[in-house]
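Asks: Can you read through this structure? Questions will come right after.
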Amino acid sequence: MSTLAGHGHELIPRPEQNPDALRAALATVAPGRLEEMQATKDEAFARAVEWQSLSPEQSWVLIWARDIEIARRPDLSARFAHAQSKLELEDPVTAQEALRELSTVLDDAMKVVRG
């Protein structure tokens with residue numbers, strides 16, 4: 001495990017942003033999501049063909065790089081899980097705060113993977 005300033009421990013190194021590296025990383029940090037990853041990859045490929053554009057595949061890479069960034073970093077993963085658990089509460093203020101926190105975690109992870 002490595003430690004980065006402000007990031008805490010990382011379960012695995014940040015993978016390269018290509019399908020094979022992302023799949024290998026996901027198999028380590030969240031193997032239960034491999035089927036979901038493949039399904040969304042298939043959908044992105046179909047849209048890319050239909051649209052004659054690489055943007056669906058580029059989006060797929062960024063989304064999975066972001067999700068893996070969260071899963072590989074216990075600090076982000078804990079914040080994400082805690083916020084998700086608050087979404088089920090009936091208090092609208094708590095739910096709104098949870099949505100803001102989820103958005104912040106997703107944004108933070110996306111900033112990192114975009115470089």
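Naming scheme: A, B, ... for chains in displayed order of the structure tokens; residues 1 onward per chain; ligands 1 onward as shown.
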As a PyMOL selection string, please: the residues near Met110 in chain A (cut-off 8 Å, only C-alpha atoms, same-chain neighbours under 3 positions excluded).

Replies: chain A and resi 62-63+65-66+106-107+113-114

Asks: Using N, CA and C atoms, can you export the residues from the last selection as a PDB file, in the first residue's frame?

Replies:
ATOM      1  N   LEU A  62     -13.458   7.175 -18.773  1.00  0.00           N
ATOM      2  CA  LEU A  62     -13.435   8.155 -17.682  1.00  0.00           C
ATOM      3  C   LEU A  62     -14.334   7.753 -16.520  1.00  0.00           C
ATOM      4  N   ILE A  63     -15.516   7.262 -16.828  1.00  0.00           N
ATOM      5  CA  ILE A  63     -16.443   6.857 -15.758  1.00  0.00           C
ATOM      6  C   ILE A  63     -15.858   5.717 -14.932  1.00  0.00           C
ATOM      7  N   ALA A  65     -12.634   4.851 -14.751  1.00  0.00           N
ATOM      8  CA  ALA A  65     -11.430   5.328 -14.062  1.00  0.00           C
ATOM      9  C   ALA A  65     -11.829   6.071 -12.787  1.00  0.00           C
ATOM     10  N   ARG A  66     -12.898   6.872 -12.876  1.00  0.00           N
ATOM     11  CA  ARG A  66     -13.407   7.599 -11.708  1.00  0.00           C
ATOM     12  C   ARG A  66     -13.896   6.633 -10.626  1.00  0.00           C
ATOM     13  N   LEU A 106     -17.525  12.346  -6.350  1.00  0.00           N
ATOM     14  CA  LEU A 106     -17.429  12.036  -7.775  1.00  0.00           C
ATOM     15  C   LEU A 106     -16.587  13.079  -8.504  1.00  0.00           C
ATOM     16  N   ASP A 107     -16.789  14.349  -8.191  1.00  0.00           N
ATOM     17  CA  ASP A 107     -16.003  15.419  -8.812  1.00  0.00           C
ATOM     18  C   ASP A 107     -14.525  15.325  -8.449  1.00  0.00           C
ATOM     19  N   VAL A 113      -8.522  11.694 -12.140  1.00  0.00           N
ATOM     20  CA  VAL A 113      -8.311  10.832 -13.300  1.00  0.00           C
ATOM     21  C   VAL A 113      -8.142  11.632 -14.593  1.00  0.00           C
ATOM     22  N   ARG A 114      -8.656  12.850 -14.616  1.00  0.00           N
ATOM     23  CA  ARG A 114      -8.456  13.694 -15.796  1.00  0.00           C
ATOM     24  C   ARG A 114      -7.088  14.355 -15.793  1.00  0.00           C
TER      25      ARG A 114
END

Asks: Give the strand (DSSP E or B) residues of chain A, as DSSP finds them on the backbone, and put them as a PDB file with C-alpha atoms, in the first residue's frame.

Replies:
ATOM      1  CA  SER A   2       1.232   3.457  -0.821  1.00  0.00           C
ATOM      2  CA  THR A   3       0.454   6.735   0.868  1.00  0.00           C
ATOM      3  CA  LEU A   4      -0.071  10.035  -0.920  1.00  0.00           C
ATOM      4  CA  GLY A   8      -4.369   8.360   2.614  1.00  0.00           C
ATOM      5  CA  HIS A   9      -3.713   4.745   1.759  1.00  0.00           C
ATOM      6  CA  GLU A  10      -4.380   3.374  -1.689  1.00  0.00           C
TER       7      GLU A  10
END

Asks: Which of these residues is nearest to Phe80 in chain A, using only C-alpha atoms: A:Ser103, A:Gln38, A:Gln96, A:Ser55?

Replies: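 Smallest separation from Phe80 in chain A among the options: A:Ser103.
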
Asks: Quick one: residues within 10 Å of Leu76 in chain A, only C-alpha atoms, excluding same-chain residues fewer than 3 positions away - as a count of residues only?

Replies: 17

Asks: Point out the residue among A:Val112, A:Met37, A:Ala78, A:Ile12 with the least atom-to-atom distance to Trp60 in chain A, counting only C-alpha atoms.

Replies: A:Met37

Asks: I'd like to know which residues of chain A are alpha helix (DSSP H) (by DSSP, run on the backbone); could you write them as a count of residues only?

Replies: 84

Asks: What is the CA of Pro74 in chain A-CA of Glu57 in chain A distance in Å, reported with one decimal?

Replies: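 Taking CA of Pro74 in chain A as the start and CA of Glu57 in chain A as the end point, the length is 27.2 Å.
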